[in-house]
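Colleague: You'll find coords_13.pdb just under this line, and it carries PDB, C-alpha atoms, pLDDT in the B column.
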ATOM      1  CA  MET D   1       0.000   0.000   0.000  1.00 40.00           C
ATOM      2  CA  GLY D   2       2.055   2.910  -1.313  1.00 42.00           C
ATOM      3  CA  PRO D   3       2.089   6.467   0.025  1.00 37.00           C
ATOM      4  CA  THR D   4      -0.130   7.883  -2.713  1.00 36.00           C
ATOM      5  CA  LYS D   5      -2.971   5.354  -2.595  1.00 40.00           C
ATOM      6  CA  ARG D   6      -6.446   6.873  -2.453  1.00 39.00           C
ATOM      7  CA  LEU D   7      -8.076   6.576   0.945  1.00 41.00           C
ATOM      8  CA  VAL D   8     -11.060   4.279   1.232  1.00 44.00           C
ATOM      9  CA  LEU D   9     -12.522   3.952   4.712  1.00 46.00           C
ATOM     10  CA  GLY D  10     -13.801   0.630   5.898  1.00 49.00           C
ATOM     11  CA  ALA D  11     -14.599  -0.422   9.445  1.00 45.00           C
ATOM     12  CA  LEU D  12     -13.469   2.846  10.995  1.00 47.00           C
ATOM     13  CA  VAL D  13     -15.912   5.031   9.135  1.00 39.00           C
ATOM     14  CA  CYS D  14     -18.183   5.368  12.181  1.00 38.00           C
ATOM     15  CA  ALA D  15     -15.341   6.021  14.607  1.00 42.00           C
ATOM     16  CA  LEU D  16     -14.830   9.659  13.682  1.00 44.00           C
ATOM     17  CA  PRO D  17     -14.607  12.180  16.518  1.00 43.00           C
ATOM     18  CA  ALA D  18     -17.832  13.983  17.273  1.00 39.00           C
ATOM     19  CA  GLY D  19     -16.459  17.340  16.148  1.00 39.00           C
ATOM     20  CA  ALA D  20     -15.334  16.183  12.711  1.00 42.00           C
ATOM     21  CA  ALA D  21     -17.645  17.566  10.027  1.00 40.00           C
ATOM     22  CA  VAL D  22     -18.561  15.328   7.104  1.00 41.00           C
ATOM     23  CA  ALA D  23     -17.373  17.954   4.627  1.00 39.00           C
ATOM     24  CA  GLU D  24     -13.916  17.984   6.217  1.00 45.00           C
ATOM     25  CA  LEU D  25     -13.435  14.328   5.320  1.00 51.00           C
ATOM     26  CA  ARG D  26     -14.491  14.438   1.697  1.00 55.00           C
ATOM     27  CA  PRO D  27     -11.915  12.995  -0.743  1.00 52.00           C
ATOM     28  CA  ASP D  28     -11.303  16.448  -2.247  1.00 52.00           C
ATOM     29  CA  SER D  29     -10.937  18.074   1.171  1.00 62.00           C
ATOM     30  CA  THR D  30      -7.592  19.542   2.283  1.00 74.00           C
ATOM     31  CA  ALA D  31      -8.068  18.144   5.797  1.00 84.00           C
ATOM     32  CA  VAL D  32      -5.342  16.015   7.374  1.00 92.00           C
ATOM     33  CA  VAL D  33      -6.632  12.929   9.211  1.00 93.00           C
ATOM     34  CA  ALA D  34      -4.540  10.537  11.305  1.00 95.00           C
ATOM     35  CA  PHE D  35      -5.835   7.073  12.194  1.00 95.00           C
ATOM     36  CA  VAL D  36      -3.756   6.324  15.269  1.00 96.00           C
ATOM     37  CA  ASP D  37      -2.809   2.870  16.603  1.00 96.00           C
ATOM     38  CA  VAL D  38      -4.996   1.010  14.140  1.00 96.00           C
ATOM     39  CA  ASN D  39      -4.668  -2.465  12.651  1.00 96.00           C
ATOM     40  CA  VAL D  40      -4.419  -2.178   8.861  1.00 95.00           C
ATOM     41  CA  VAL D  41      -5.778  -4.909   6.571  1.00 93.00           C
ATOM     42  CA  PRO D  42      -4.048  -4.006   3.259  1.00 91.00           C
ATOM     43  CA  MET D  43      -5.636  -6.890   1.275  1.00 89.00           C
ATOM     44  CA  ASP D  44      -2.683  -7.066  -1.124  1.00 90.00           C
ATOM     45  CA  GLN D  45      -1.887 -10.413   0.467  1.00 91.00           C
ATOM     46  CA  GLU D  46      -2.939 -12.375   3.559  1.00 93.00           C
ATOM     47  CA  ARG D  47      -1.422 -10.229   6.282  1.00 94.00           C
ATOM     48  CA  LEU D  48      -2.229  -7.749   9.029  1.00 96.00           C
ATOM     49  CA  LEU D  49      -0.224  -4.617   9.853  1.00 96.00           C
ATOM     50  CA  GLU D  50      -0.736  -4.178  13.586  1.00 96.00           C
ATOM     51  CA  ARG D  51      -0.632  -0.920  15.555  1.00 97.00           C
ATOM     52  CA  GLN D  52      -0.112   1.460  12.665  1.00 97.00           C
ATOM     53  CA  THR D  53      -0.657   5.188  12.212  1.00 97.00           C
ATOM     54  CA  VAL D  54      -2.183   6.101   8.846  1.00 96.00           C
ATOM     55  CA  VAL D  55      -1.943   9.757   7.810  1.00 95.00           C
ATOM     56  CA  VAL D  56      -4.268  11.070   5.108  1.00 93.00           C
ATOM     57  CA  ARG D  57      -3.939  14.441   3.411  1.00 91.00           C
ATOM     58  CA  SER D  58      -6.418  15.772   0.833  1.00 85.00           C
ATOM     59  CA  GLY D  59      -8.078  12.370   0.569  1.00 81.00           C
ATOM     60  CA  ARG D  60      -4.875  10.399  -0.070  1.00 87.00           C
ATOM     61  CA  ILE D  61      -2.772   8.222   2.207  1.00 91.00           C
ATOM     62  CA  VAL D  62       0.607   9.937   2.617  1.00 93.00           C
ATOM     63  CA  SER D  63       2.173   7.685   5.262  1.00 93.00           C
ATOM     64  CA  ILE D  64       1.678   4.365   7.019  1.00 95.00           C
ATOM     65  CA  GLY D  65       3.978   3.248   9.796  1.00 96.00           C
ATOM     66  CA  PRO D  66       4.285   1.881  13.323  1.00 97.00           C
ATOM     67  CA  VAL D  67       2.475   3.981  15.889  1.00 95.00           C
ATOM     68  CA  ALA D  68       5.657   4.484  17.922  1.00 95.00           C
ATOM     69  CA  THR D  69       7.652   6.020  15.075  1.00 96.00           C
ATOM     70  CA  THR D  70       5.154   7.676  12.703  1.00 95.00           C
ATOM     71  CA  ALA D  71       4.765  11.435  13.130  1.00 94.00           C
ATOM     72  CA  ILE D  72       1.294  12.991  13.235  1.00 95.00           C
ATOM     73  CA  PRO D  73       1.107  16.391  11.519  1.00 93.00           C
ATOM     74  CA  LEU D  74       0.218  19.348  13.704  1.00 93.00           C
ATOM     75  CA  GLY D  75      -3.500  20.085  13.583  1.00 92.00           C
ATOM     76  CA  ALA D  76      -4.487  16.719  12.127  1.00 94.00           C
ATOM     77  CA  ILE D  77      -7.887  15.256  12.993  1.00 93.00           C
ATOM     78  CA  ARG D  78      -7.055  12.239  15.152  1.00 94.00           C
ATOM     79  CA  VAL D  79      -9.119   9.061  15.000  1.00 93.00           C
ATOM     80  CA  ASP D  80      -8.405   6.605  17.819  1.00 94.00           C
ATOM     81  CA  GLY D  81      -7.909   3.248  16.134  1.00 94.00           C
ATOM     82  CA  ARG D  82      -7.093   1.147  19.188  1.00 94.00           C
ATOM     83  CA  GLY D  83      -8.704  -2.270  18.861  1.00 93.00           C
ATOM     84  CA  LYS D  84     -10.123  -1.407  15.441  1.00 93.00           C
ATOM     85  CA  TYR D  85      -9.261  -2.235  11.833  1.00 92.00           C
ATOM     86  CA  LEU D  86      -8.790  -0.105   8.731  1.00 92.00           C
ATOM     87  CA  LEU D  87      -9.323  -1.796   5.386  1.00 90.00           C
ATOM     88  CA  PRO D  88     -10.043  -0.870   1.765  1.00 87.00           C
ATOM     89  CA  GLY D  89     -13.666   0.129   1.358  1.00 89.00           C
ATOM     90  CA  LEU D  90     -16.047  -2.544   0.100  1.00 93.00           C
ATOM     91  CA  ALA D  91     -18.223  -2.118  -3.001  1.00 95.00           C
ATOM     92  CA  ASP D  92     -21.805  -3.416  -3.269  1.00 97.00           C
ATOM     93  CA  MET D  93     -22.415  -3.643  -6.998  1.00 95.00           C
ATOM     94  CA  HIS D  94     -26.101  -4.580  -6.893  1.00 96.00           C
ATOM     95  CA  THR D  95     -28.265  -2.418  -4.694  1.00 97.00           C
ATOM     96  CA  HIS D  96     -31.616  -0.670  -5.058  1.00 97.00           C
ATOM     97  CA  LEU D  97     -32.075   2.814  -3.665  1.00 98.00           C
ATOM     98  CA  ARG D  98     -35.617   3.768  -2.658  1.00 96.00           C
ATOM     99  CA  GLU D  99     -37.950   6.632  -3.462  1.00 95.00           C
ATOM    100  CA  SER D 100     -38.156   7.683   0.185  1.00 95.00           C
ATOM    101  CA  GLU D 101     -35.470  10.128   1.321  1.00 95.00           C
ATOM    102  CA  ALA D 102     -35.651   8.770   4.870  1.00 95.00           C
ATOM    103  CA  GLU D 103     -35.220   5.171   3.711  1.00 97.00           C
ATOM    104  CA  ASN D 104     -32.273   6.113   1.504  1.00 97.00           C
ATOM    105  CA  SER D 105     -30.584   8.032   4.325  1.00 96.00           C
ATOM    106  CA  ALA D 106     -30.890   5.035   6.640  1.00 96.00           C
ATOM    107  CA  GLN D 107     -29.709   2.633   3.940  1.00 97.00           C
ATOM    108  CA  LEU D 108     -26.631   4.722   3.123  1.00 97.00           C
ATOM    109  CA  ARG D 109     -25.612   4.852   6.782  1.00 96.00           C
ATOM    110  CA  VAL D 110     -25.957   1.070   7.070  1.00 96.00           C
ATOM    111  CA  PHE D 111     -23.633   0.674   4.092  1.00 96.00           C
ATOM    112  CA  LEU D 112     -21.002   2.867   5.737  1.00 93.00           C
ATOM    113  CA  ALA D 113     -21.385   1.128   9.094  1.00 91.00           C
ATOM    114  CA  ASN D 114     -20.491  -2.131   7.339  1.00 91.00           C
ATOM    115  CA  GLY D 115     -17.497  -0.734   5.471  1.00 90.00           C
ATOM    116  CA  VAL D 116     -19.224  -0.311   2.085  1.00 95.00           C
ATOM    117  CA  THR D 117     -17.909   2.887   0.489  1.00 93.00           C
ATOM    118  CA  THR D 118     -19.160   2.420  -3.105  1.00 96.00           C
ATOM    119  CA  ILE D 119     -22.553   1.230  -4.340  1.00 98.00           C
ATOM    120  CA  LEU D 120     -24.219   0.621  -7.695  1.00 98.00           C
ATOM    121  CA  SER D 121     -27.990   1.122  -7.665  1.00 98.00           C
ATOM    122  CA  LEU D 122     -29.693  -0.728 -10.486  1.00 97.00           C
ATOM    123  CA  ARG D 123     -33.048   0.957 -10.902  1.00 96.00           C
ATOM    124  CA  GLY D 124     -32.581   4.676 -10.914  1.00 97.00           C
ATOM    125  CA  ILE D 125     -34.944   7.620 -10.798  1.00 97.00           C
ATOM    126  CA  PRO D 126     -34.121  11.330 -11.055  1.00 97.00           C
ATOM    127  CA  GLN D 127     -33.984  11.675  -7.251  1.00 97.00           C
ATOM    128  CA  HIS D 128     -31.058   9.262  -7.180  1.00 98.00           C
ATOM    129  CA  ILE D 129     -29.008  11.517  -9.450  1.00 98.00           C
ATOM    130  CA  GLU D 130     -29.614  14.375  -7.025  1.00 97.00           C
ATOM    131  CA  LEU D 131     -28.746  12.110  -4.067  1.00 98.00           C
ATOM    132  CA  ARG D 132     -25.511  11.099  -5.809  1.00 98.00           C
ATOM    133  CA  ARG D 133     -24.623  14.785  -6.161  1.00 97.00           C
ATOM    134  CA  ARG D 134     -25.405  15.554  -2.520  1.00 96.00           C
ATOM    135  CA  VAL D 135     -23.316  12.636  -1.258  1.00 96.00           C
ATOM    136  CA  ALA D 136     -20.390  13.621  -3.490  1.00 94.00           C
ATOM    137  CA  GLY D 137     -20.686  17.195  -2.226  1.00 91.00           C
ATOM    138  CA  GLY D 138     -20.615  16.200   1.439  1.00 90.00           C
ATOM    139  CA  GLU D 139     -24.202  17.304   2.098  1.00 94.00           C
ATOM    140  CA  VAL D 140     -25.372  13.742   2.819  1.00 95.00           C
ATOM    141  CA  LEU D 141     -23.373  11.030   4.560  1.00 95.00           C
ATOM    142  CA  GLY D 142     -23.074   7.968   2.360  1.00 96.00           C
ATOM    143  CA  PRO D 143     -20.915   5.857   0.044  1.00 96.00           C
ATOM    144  CA  THR D 144     -20.027   6.899  -3.490  1.00 96.00           C
ATOM    145  CA  ILE D 145     -23.115   6.246  -5.629  1.00 98.00           C
ATOM    146  CA  TYR D 146     -23.313   4.967  -9.188  1.00 98.00           C
ATOM    147  CA  THR D 147     -26.753   4.442 -10.645  1.00 98.00           C
ATOM    148  CA  SER D 148     -28.446   3.090 -13.738  1.00 98.00           C
ATOM    149  CA  GLY D 149     -31.614   4.658 -15.037  1.00 98.00           C
ATOM    150  CA  PRO D 150     -35.067   3.082 -15.420  1.00 97.00           C
ATOM    151  CA  PHE D 151     -35.217  -0.296 -17.157  1.00 97.00           C
ATOM    152  CA  VAL D 152     -34.754  -0.267 -20.935  1.00 98.00           C
ATOM    153  CA  ASN D 153     -36.900  -3.199 -22.086  1.00 97.00           C
ATOM    154  CA  GLU D 154     -40.463  -4.250 -22.812  1.00 97.00           C
ATOM    155  CA  PRO D 155     -43.225  -3.336 -22.176  1.00 95.00           C
ATOM    156  CA  ASP D 156     -42.257   0.332 -21.873  1.00 95.00           C
ATOM    157  CA  VAL D 157     -39.473   0.195 -24.473  1.00 97.00           C
ATOM    158  CA  LYS D 158     -40.143  -1.997 -27.504  1.00 96.00           C
ATOM    159  CA  THR D 159     -38.816  -0.894 -30.889  1.00 98.00           C
ATOM    160  CA  PRO D 160     -35.219  -0.082 -31.866  1.00 98.00           C
ATOM    161  CA  ASP D 161     -36.219   3.587 -32.063  1.00 98.00           C
ATOM    162  CA  ASP D 162     -37.712   3.393 -28.546  1.00 98.00           C
ATOM    163  CA  VAL D 163     -34.413   1.968 -27.319  1.00 98.00           C
ATOM    164  CA  GLU D 164     -32.392   4.713 -28.959  1.00 98.00           C
ATOM    165  CA  GLN D 165     -34.544   7.418 -27.435  1.00 98.00           C
ATOM    166  CA  ALA D 166     -34.320   5.855 -23.964  1.00 98.00           C
ATOM    167  CA  VAL D 167     -30.529   5.490 -24.062  1.00 98.00           C
ATOM    168  CA  VAL D 168     -29.994   9.037 -25.295  1.00 98.00           C
ATOM    169  CA  GLU D 169     -32.351  10.468 -22.669  1.00 98.00           C
ATOM    170  CA  GLN D 170     -30.709   8.550 -19.822  1.00 98.00           C
ATOM    171  CA  LYS D 171     -27.217   9.524 -20.929  1.00 98.00           C
ATOM    172  CA  ARG D 172     -28.258  13.179 -21.109  1.00 98.00           C
ATOM    173  CA  ALA D 173     -29.899  12.921 -17.683  1.00 98.00           C
ATOM    174  CA  GLY D 174     -26.595  11.822 -16.166  1.00 98.00           C
ATOM    175  CA  TYR D 175     -27.121   8.158 -15.316  1.00 98.00           C
ATOM    176  CA  ASP D 176     -23.968   6.030 -15.088  1.00 98.00           C
ATOM    177  CA  PHE D 177     -25.316   2.836 -16.683  1.00 98.00           C
ATOM    178  CA  ILE D 178     -28.161   1.517 -18.819  1.00 98.00           C
ATOM    179  CA  LYS D 179     -30.082  -1.364 -17.202  1.00 98.00           C
ATOM    180  CA  ILE D 180     -31.874  -4.112 -19.150  1.00 97.00           C
ATOM    181  CA  HIS D 181     -34.261  -6.203 -17.070  1.00 96.00           C
ATOM    182  CA  GLY D 182     -36.592  -8.024 -19.479  1.00 94.00           C
ATOM    183  CA  SER D 183     -37.338  -8.914 -23.062  1.00 96.00           C
ATOM    184  CA  LEU D 184     -36.333  -7.058 -26.229  1.00 97.00           C
ATOM    185  CA  SER D 185     -36.544  -8.039 -29.860  1.00 98.00           C
ATOM    186  CA  ARG D 186     -33.238  -9.026 -31.447  1.00 98.00           C
ATOM    187  CA  ALA D 187     -33.186  -5.809 -33.465  1.00 98.00           C
ATOM    188  CA  ALA D 188     -33.925  -3.671 -30.408  1.00 98.00           C
ATOM    189  CA  TYR D 189     -31.270  -5.470 -28.373  1.00 98.00           C
ATOM    190  CA  GLN D 190     -28.686  -4.864 -31.092  1.00 98.00           C
ATOM    191  CA  ARG D 191     -29.651  -1.174 -31.315  1.00 98.00           C
ATOM    192  CA  LEU D 192     -29.263  -0.904 -27.542  1.00 98.00           C
ATOM    193  CA  PHE D 193     -25.548  -1.563 -27.810  1.00 98.00           C
ATOM    194  CA  GLU D 194     -24.997   0.419 -30.973  1.00 98.00           C
ATOM    195  CA  VAL D 195     -26.450   3.522 -29.329  1.00 98.00           C
ATOM    196  CA  ALA D 196     -24.821   2.880 -25.946  1.00 98.00           C
ATOM    197  CA  ARG D 197     -21.368   2.651 -27.541  1.00 98.00           C
ATOM    198  CA  ARG D 198     -22.036   5.797 -29.537  1.00 98.00           C
ATOM    199  CA  GLU D 199     -23.154   7.629 -26.402  1.00 98.00           C
ATOM    200  CA  GLY D 200     -20.320   6.258 -24.243  1.00 98.00           C
ATOM    201  CA  ILE D 201     -22.403   4.468 -21.604  1.00 98.00           C
ATOM    202  CA  ARG D 202     -22.260   0.824 -20.490  1.00 98.00           C
ATOM    203  CA  VAL D 203     -25.144  -1.647 -20.489  1.00 98.00           C
ATOM    204  CA  VAL D 204     -25.667  -4.019 -17.556  1.00 98.00           C
ATOM    205  CA  GLY D 205     -28.493  -6.148 -16.228  1.00 96.00           C
ATOM    206  CA  HIS D 206     -30.321  -9.345 -17.051  1.00 96.00           C
ATOM    207  CA  ALA D 207     -30.170 -11.424 -20.200  1.00 94.00           C
ATOM    208  CA  PRO D 208     -33.283 -11.053 -22.404  1.00 93.00           C
ATOM    209  CA  ARG D 209     -34.947 -14.411 -21.821  1.00 89.00           C
ATOM    210  CA  ASN D 210     -36.932 -14.304 -25.059  1.00 95.00           C
ATOM    211  CA  LEU D 211     -33.603 -14.599 -26.931  1.00 95.00           C
ATOM    212  CA  SER D 212     -30.757 -17.055 -26.878  1.00 93.00           C
ATOM    213  CA  PHE D 213     -28.192 -16.285 -24.178  1.00 93.00           C
ATOM    214  CA  MET D 214     -25.591 -16.165 -26.943  1.00 95.00           C
ATOM    215  CA  VAL D 215     -26.795 -12.678 -27.895  1.00 96.00           C
ATOM    216  CA  VAL D 216     -25.228 -11.414 -24.647  1.00 96.00           C
ATOM    217  CA  PRO D 217     -21.606 -12.181 -25.610  1.00 96.00           C
ATOM    218  CA  ALA D 218     -22.394 -11.387 -29.243  1.00 97.00           C
ATOM    219  CA  GLU D 219     -23.273  -7.798 -28.339  1.00 97.00           C
ATOM    220  CA  HIS D 220     -20.663  -7.616 -25.548  1.00 97.00           C
ATOM    221  CA  GLN D 221     -23.077  -6.758 -22.727  1.00 97.00           C
ATOM    222  CA  ASP D 222     -20.906  -5.170 -20.062  1.00 97.00           C
ATOM    223  CA  ALA D 223     -22.232  -7.142 -17.087  1.00 95.00           C
ATOM    224  CA  VAL D 224     -24.818  -9.765 -16.237  1.00 94.00           C
ATOM    225  CA  VAL D 225     -25.896  -8.847 -12.721  1.00 93.00           C
ATOM    226  CA  HIS D 226     -27.581 -12.114 -11.725  1.00 89.00           C
ATOM    227  CA  ALA D 227     -25.545 -15.332 -11.854  1.00 86.00           C
ATOM    228  CA  GLU D 228     -28.712 -17.379 -12.341  1.00 86.00           C
ATOM    229  CA  GLU D 229     -29.147 -15.786 -15.762  1.00 84.00           C
ATOM    230  CA  PHE D 230     -26.535 -18.241 -17.020  1.00 82.00           C
ATOM    231  CA  VAL D 231     -28.786 -21.109 -15.879  1.00 82.00           C
ATOM    232  CA  TYR D 232     -32.030 -19.697 -17.297  1.00 78.00           C
TER     233      TYR D 232
END
Let's see the structure in the file written out as structure tokens.
Modeller:
Amino acid sequence: MGPTKRLVLGALVCALPAGAAVAELRPDSTAVVAFVDVNVVPMDQERLLERQTVVVRSGRIVSIGPVATTAIPLGAIRVDGRGKYLLPGLADMHTHLRESEAENSAQLRVFLANGVTTILSLRGIPQHIELRRRVAGGEVLGPTIYTSGPFVNEPDVKTPDDVEQAVVEQKRAGYDFIKIHGSLSRAAYQRLFEVARREGIRVVGHAPRNLSFMVVPAEHQDAVVHAEEFVY
């Protein structure tokens, strides 16, 4: 774990001192944070670095070393890591954010409490784009959010032209991915990828069960998000 690795908080994310503002700990913040006397799980191999001090400046790790010999910069926010562990943040790549702001707020805090610092929500609505912005800006506490838009498949999207319109609209709206969840005609499925590549957005989701599974590798679908799709 080199000195310029980007900081991703895991199990210590809820151990911040009461006076530390969320905005101070954003990745683009200039704050200096020192995790003192913490056990580091680097995950580059099966090992544990015990009783370390990890110093973070402007969202990047600048030093890791034994607690007895690692200097803590003057004015740094200190996080007591005794008996705790610091590890690379986990990513949950199949989640579903809700429509309710209260439910989303609770869900995001549960992710952080369990060391999840990045999520992919796979049925997006416009509110999720705004929530993504607010989390990135430090207004709402939560993991980094990526989101697809509404499903691009039948019955709401049927023809190749319907597909093109949906992909273009979702790209313009700011979604990160296109999600396919159900059936499409072969021509519409092909157009989905032609337009997505043109627009520079990836397509993930289910396999269209009305077609042979072989259309998925043929069109280079970027991800199949349910393993059981291979069985169906």
Colleague: Using the file's own x, y and z axes, so that the box edges lie along x, y and z, what centre and edge lengths in Å (one decimal) does a box around every listed atom of region 35-45 of chain D get when 3 Å is added on each side? Give it as lines of an AutoDock Vina configuration file.
Modeller:
center_x = -3.9
center_y = -1.7
center_z = 7.7
size_x = 9.9
size_y = 23.5
size_z = 23.7
Colleague: Kindly indicate which residue among D:Ala76, D:Met43, D:Ser105, D:Ala188 lies nearest to Arg57 (chain D), using all atoms listed in the file for the distances.
Modeller: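 Among D:Ala76, D:Met43, D:Ser105, D:Ala188, it is D:Ala76 that comes nearest to Arg57 (chain D).
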Colleague: Convert the output of the PyMOL selection byres ((chain D and resi 186) around 10) on the shown file into explicit residues, formatted as an MDAnalysis selection string.
Modeller: chainID D and resid 159:160 183:185 187:192 208 210:212 215
Colleague: Those residues with C-alpha atoms, as a PDB file, keeping the file's coordinate frame please?
Modeller:
ATOM      1  CA  THR D 159     -38.816  -0.894 -30.889  1.00 98.00           C
ATOM      2  CA  PRO D 160     -35.219  -0.082 -31.866  1.00 98.00           C
ATOM      3  CA  SER D 183     -37.338  -8.914 -23.062  1.00 96.00           C
ATOM      4  CA  LEU D 184     -36.333  -7.058 -26.229  1.00 97.00           C
ATOM      5  CA  SER D 185     -36.544  -8.039 -29.860  1.00 98.00           C
ATOM      6  CA  ALA D 187     -33.186  -5.809 -33.465  1.00 98.00           C
ATOM      7  CA  ALA D 188     -33.925  -3.671 -30.408  1.00 98.00           C
ATOM      8  CA  TYR D 189     -31.270  -5.470 -28.373  1.00 98.00           C
ATOM      9  CA  GLN D 190     -28.686  -4.864 -31.092  1.00 98.00           C
ATOM     10  CA  ARG D 191     -29.651  -1.174 -31.315  1.00 98.00           C
ATOM     11  CA  LEU D 192     -29.263  -0.904 -27.542  1.00 98.00           C
ATOM     12  CA  PRO D 208     -33.283 -11.053 -22.404  1.00 93.00           C
ATOM     13  CA  ASN D 210     -36.932 -14.304 -25.059  1.00 95.00           C
ATOM     14  CA  LEU D 211     -33.603 -14.599 -26.931  1.00 95.00           C
ATOM     15  CA  SER D 212     -30.757 -17.055 -26.878  1.00 93.00           C
ATOM     16  CA  VAL D 215     -26.795 -12.678 -27.895  1.00 96.00           C
TER      17      VAL D 215
END
Colleague: What's the separation between CA of Val195 (chain D) and CA of Ile180 (chain D), in Å to one decimal place?
Modeller: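 According to the coordinates, CA of Val195 (chain D) and CA of Ile180 (chain D) are separated by 13.8 Å.
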Colleague: What's around Val32 (chain D) at 10 Å? Count all atoms listed in the file, leave out sequence neighbours fewer than 3 positions away in its own chain, and write the answer as a CSV table (one decimal) with C-alpha atoms, keeping the file's coordinate frame.
Modeller:
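This is the output file around_33.csv:
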chain,number,residue,atom,x,y,z
D,24,GLU,CA,-13.9,18.0,6.2
D,25,LEU,CA,-13.4,14.3,5.3
D,29,SER,CA,-10.9,18.1,1.2
D,55,VAL,CA,-1.9,9.8,7.8
D,56,VAL,CA,-4.3,11.1,5.1
D,57,ARG,CA,-3.9,14.4,3.4
D,58,SER,CA,-6.4,15.8,0.8
D,59,GLY,CA,-8.1,12.4,0.6
D,60,ARG,CA,-4.9,10.4,-0.1
D,61,ILE,CA,-2.8,8.2,2.2
D,62,VAL,CA,0.6,9.9,2.6
D,72,ILE,CA,1.3,13.0,13.2
D,73,PRO,CA,1.1,16.4,11.5
D,74,LEU,CA,0.2,19.3,13.7
D,75,GLY,CA,-3.5,20.1,13.6
D,76,ALA,CA,-4.5,16.7,12.1
D,77,ILE,CA,-7.9,15.3,13.0
D,78,ARG,CA,-7.1,12.2,15.2
Colleague: Might you pull out every residue within 12 Å of Met214 (chain D), with all atoms listed in the file counted and same-chain residues fewer than 5 positions away left off, and present them as a VMD selection string?
Modeller: chain D and resid 186 207 to 209 219 to 221 229 to 230
Colleague: Between CA of Val135 (chain D) and CA of Pro150 (chain D), what is the distance in Å, rounded to a tenth?
Modeller: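 Between CA of Val135 (chain D) and CA of Pro150 (chain D) the gap works out to 20.7 Å.
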Colleague: Could you tell me how far CA of Thr147 (chain D) lies from CA of His226 (chain D), in Å and to one decimal?
Modeller: 16.6 Å
Colleague: Residue by residue, what does the PyMOL selection byres ((chain D and resi 171) around 12) grab here? Present the result as an MDAnalysis selection string.
Modeller: chainID D and resid 129 147:150 164:170 172:179 195:203
Colleague: Just checking: using only C-alpha atoms, which residue out of D:Ile145, D:Ala227, D:Ile64, D:Met93 ends up closest to Ala34 (chain D)?
Modeller: D:Ile64
Colleague: Using only C-alpha atoms, which of D:Pro143, D:Gly137, D:Gly81, D:Gly182 sits nearest Lys158 (chain D)?
Modeller: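 Selected residue with least distance to Lys158 (chain D): D:Gly182.
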Colleague: Please write as an MDAnalysis selection string the full residue list that the PyMOL selection byres ((chain D and resi 40) around 10) yields on this file.
Modeller: chainID D and resid 35 37:39 41:43 47:54 64 81 84:88
Colleague: Any idea what's packed within 9 Å of Leu97 (chain D), counting all atoms listed in the file, ignoring anything in its chain fewer than 2 positions away? Could you give it as a list of chain:residue names?
Modeller: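 The neighbour list is D:Thr95, D:Glu99, D:Ser100, D:Glu103, D:Asn104, D:Gln107, D:Leu108, D:Ser121, D:Leu122, D:Arg123, D:Gly124, D:His128, D:Thr147.
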